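**Q** Below is one structure. I have some questions about it.
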Amino acid sequence: MNRPTPPKPPEELSRTLARRILAQMGENGKPPEHGISNVNVGNETYLKLIDDVYVQDLVRSLEGSSLKLVQGIYGAGKTHFLFCVRDLAWRSDLLTAFVTLSPKESPFHRPLAIYRAVAQRIELPRGPDGEETRGIDDVIRHDLAARVAADGKEAARAWIESTLGRAPLTRHSFRDAVVGLATATLDGDNEKAQRLAAWLRGEELTVAQAKAANVFEVPSNENGFGMLRSLVQLVPRLGHEGVVLLLDEAERRLSVEAKPTKASAEAMDHLRELVDLCGRDELPRTLILYAVTPAFTANVLPLYPALQQRLGQPIQFLSAHNPKAPVIDLEVLDLQPLKLLVEVGRRLLRVARRAYDWSPDETIAQTNLERLAHLVIDEQLEAGHRRFFVKLWIRLLDQQRIGGERELEAGDLEGLVRGEEALVLEEIAEEPNETFLGLPLRKKKT
C-alpha cells in the first residue's frame, strides 16, 4: 500500500493574516477562521491522534470512516478545536464542511436540512490568502476546470463519462445531477447548469424542473441522508483525499426534558445511522466530529440505549492509551488552566509583533501577561474564561502598543476584568437554552 503524501506544514504567519487574527479574536474572543495554528495551544495530544490515527491512516490510507463526539462545556474550546481539525484536514488536501446546527436552519431530525447545510458548506482547502471554493456545485466546477486546463476538453468529457458517470453512489439521481452539471458546464449550457447546481445544493425545486434537467426526483427528507452518503462517496471520485464533516452545536446550557420528544427521537436515530454507516464503511474516506456538551453524554445518551451502546457504555475518552475511543473530552488538556492562558497570551503577543512590526519590552509584557492570567483564573467565571482572557489581553496589547508600555498594577487589571466580566455575564443571560442535534431543549422541571 502506498503511503499518502505528507501533509503540508502550517502556513507562514503573514502581516495581513496576523492583523486579521487579532481583529477577529479581539472583537469577540472567538477562534479565527484562518491561521488558527498560530494561536492554538493545549490540545496538541488530541490533534496528533486525530491526524496520525484518523486523517493519515484511517481516511487517507485505509479509505475508512469514523465519528467522534467532541465534549466540552461552553467556552471550553469546541469550535476552536473543530477549526484546528479543519486546518489539519486542509493541510492533507481533504475537503471540509463546518456546519453550525440550529433549530431553524439545520435540526438533525430533518435530513434534508443537514444535507443542505453540508452541501452548501463543503469546501476545498483554502489558499494562502484565505480564498474559498465552497459548495458542492462550485467544487465540481473547480475540479472540472482544472482537468480542462491540464488535459483538454475532450479528456475532461471522457473523465465525466467514465469516472463520474460510473461512480457507485447511493442515489442514482445524485450521480445523474453531478454528471449533468459537469456536462452542462463543459457545453456552456448555463440554464441547465444552474438548475442542477440548485438541486445539488438541496434547494427547493419542482419535479418538473428536475425532470427538465434529466433528474427524476427532488431533494427531500426521505432521500436527504441518501444524498449525504452520495456526496461523501463522490469526493474521492473527484480526485480528493477525503472529507471531514465538523458539526457544531453552537447553543449552550443543556437541560434535557425528562421524556424525549418525537423530533429528538428521530434526531438520535439519524445520529445512530451515521455511526452505523461509518462502521459499515459506507462513508468512505470520511471523518465526522460532532461537538456537544457533557450534558449530552450524561443526560441525553441514557435515553437512547441503541446509540449509547454504539458510543460506549460507560463512555470512553480518547487518549494516547485509547486512540479509538469515541469521545474527545476538552476538559482534559495538555496544560493546566493558568499555564494554558499564559501560553495563549504568548502566542497572541507573537501575532501582535508580526501584525504591527512591534518590538515590545519582553519583561513588561510577560509581567502583565502573568498578572492578567492569574486574575482571570482567580475570578472563576462560570463560563468562557478563555474567550474572556483573549479579549482582555488583545485589548491590553493595543493599549500598550498605542499608549506606551508600563507594568499594570492589580487595581488597573481588576477594573478591566470587572467591566468585561459584566459584559460576559450579560451575554450569557441573553443566550437561548442549549440545543442538541439542532433541536431546542426546554429546562427539566424540578
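Lettering and numbering for the C-alpha cells are positional, with chains as A, B, ... in the shown order, residues counted from 1 in each chain, and ligands counted from 1 in the shown order.
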Among segment 56-207 of chain A, which ones does DSSP assign to strand (DSSP E or B) (computed from the backbone)? Answer as a ChimeraX atom specification.

**A** /A:65-71,95-101,123,134

**Q** Using C-alpha atoms, can you write the selected residues to a file as a short mmCIF file (atom, residue, chain, number, x, y, z; two decimals), in the first residue's frame?

**A**
```cif
data_model
loop_
_atom_site.label_atom_id
_atom_site.label_comp_id
_atom_site.auth_asym_id
_atom_site.auth_seq_id
_atom_site.Cartn_x
_atom_site.Cartn_y
_atom_site.Cartn_z
CA SER A 65 -14.53 6.39 8.26
CA SER A 66 -15.23 7.32 11.87
CA LEU A 67 -17.49 9.52 14.01
CA LYS A 68 -16.27 11.16 17.22
CA LEU A 69 -18.07 13.26 19.81
CA VAL A 70 -16.15 16.35 20.97
CA GLN A 71 -17.26 17.13 24.53
CA LEU A 95 -12.42 18.72 1.79
CA THR A 96 -14.23 20.01 4.87
CA ALA A 97 -17.69 21.18 5.86
CA PHE A 98 -18.11 23.17 9.06
CA VAL A 99 -21.82 23.20 9.96
CA THR A 100 -23.39 25.04 12.87
CA LEU A 101 -26.56 23.21 13.83
CA GLU A 123 -15.15 23.47 0.61
CA ARG A 134 -17.36 26.48 -1.23
#
```

**Q** Mind checking which residues fall within 7 Å of segment 54-61 of chain A, counting only C-alpha atoms, ignoring those fewer than 5 positions away in the same chain, and posting them as a list of chain:residue names?

**A**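 In the requested format, the answer is A:Arg3, A:Pro4, A:Glu241, A:Gly242, A:Arg285, A:Thr286.
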
**Q** From a DSSP pass on the backbone, collect the residues of segment 61-252 of chain A flagged as helix (DSSP H, G or I) and hand them back as a PyMOL selection string.

**A** chain A and resi 61+78-91+111-121+136-151+153-164+172-187+190-200+207-212+224-237

**Q** How many Å separate atom CA of Tyr304 of chain A from atom CA of Ile288 of chain A?

**A** 20.2 Å

**Q** Give the answer as one residue: which of A:Arg310, A:Leu169, A:Asp93, A:Ile364 has the shortest atom-to-atom distance to Gly279 of chain A, using only C-alpha atoms?

**A** A:Arg310

**Q** Using only C-alpha atoms for the distances, tell me which of A:Ile36, A:Val351, A:Val292, A:Leu112 is nearest to Leu228 of chain A.

**A**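 That would be A:Leu112, the residue with the smallest distance to Leu228 of chain A.
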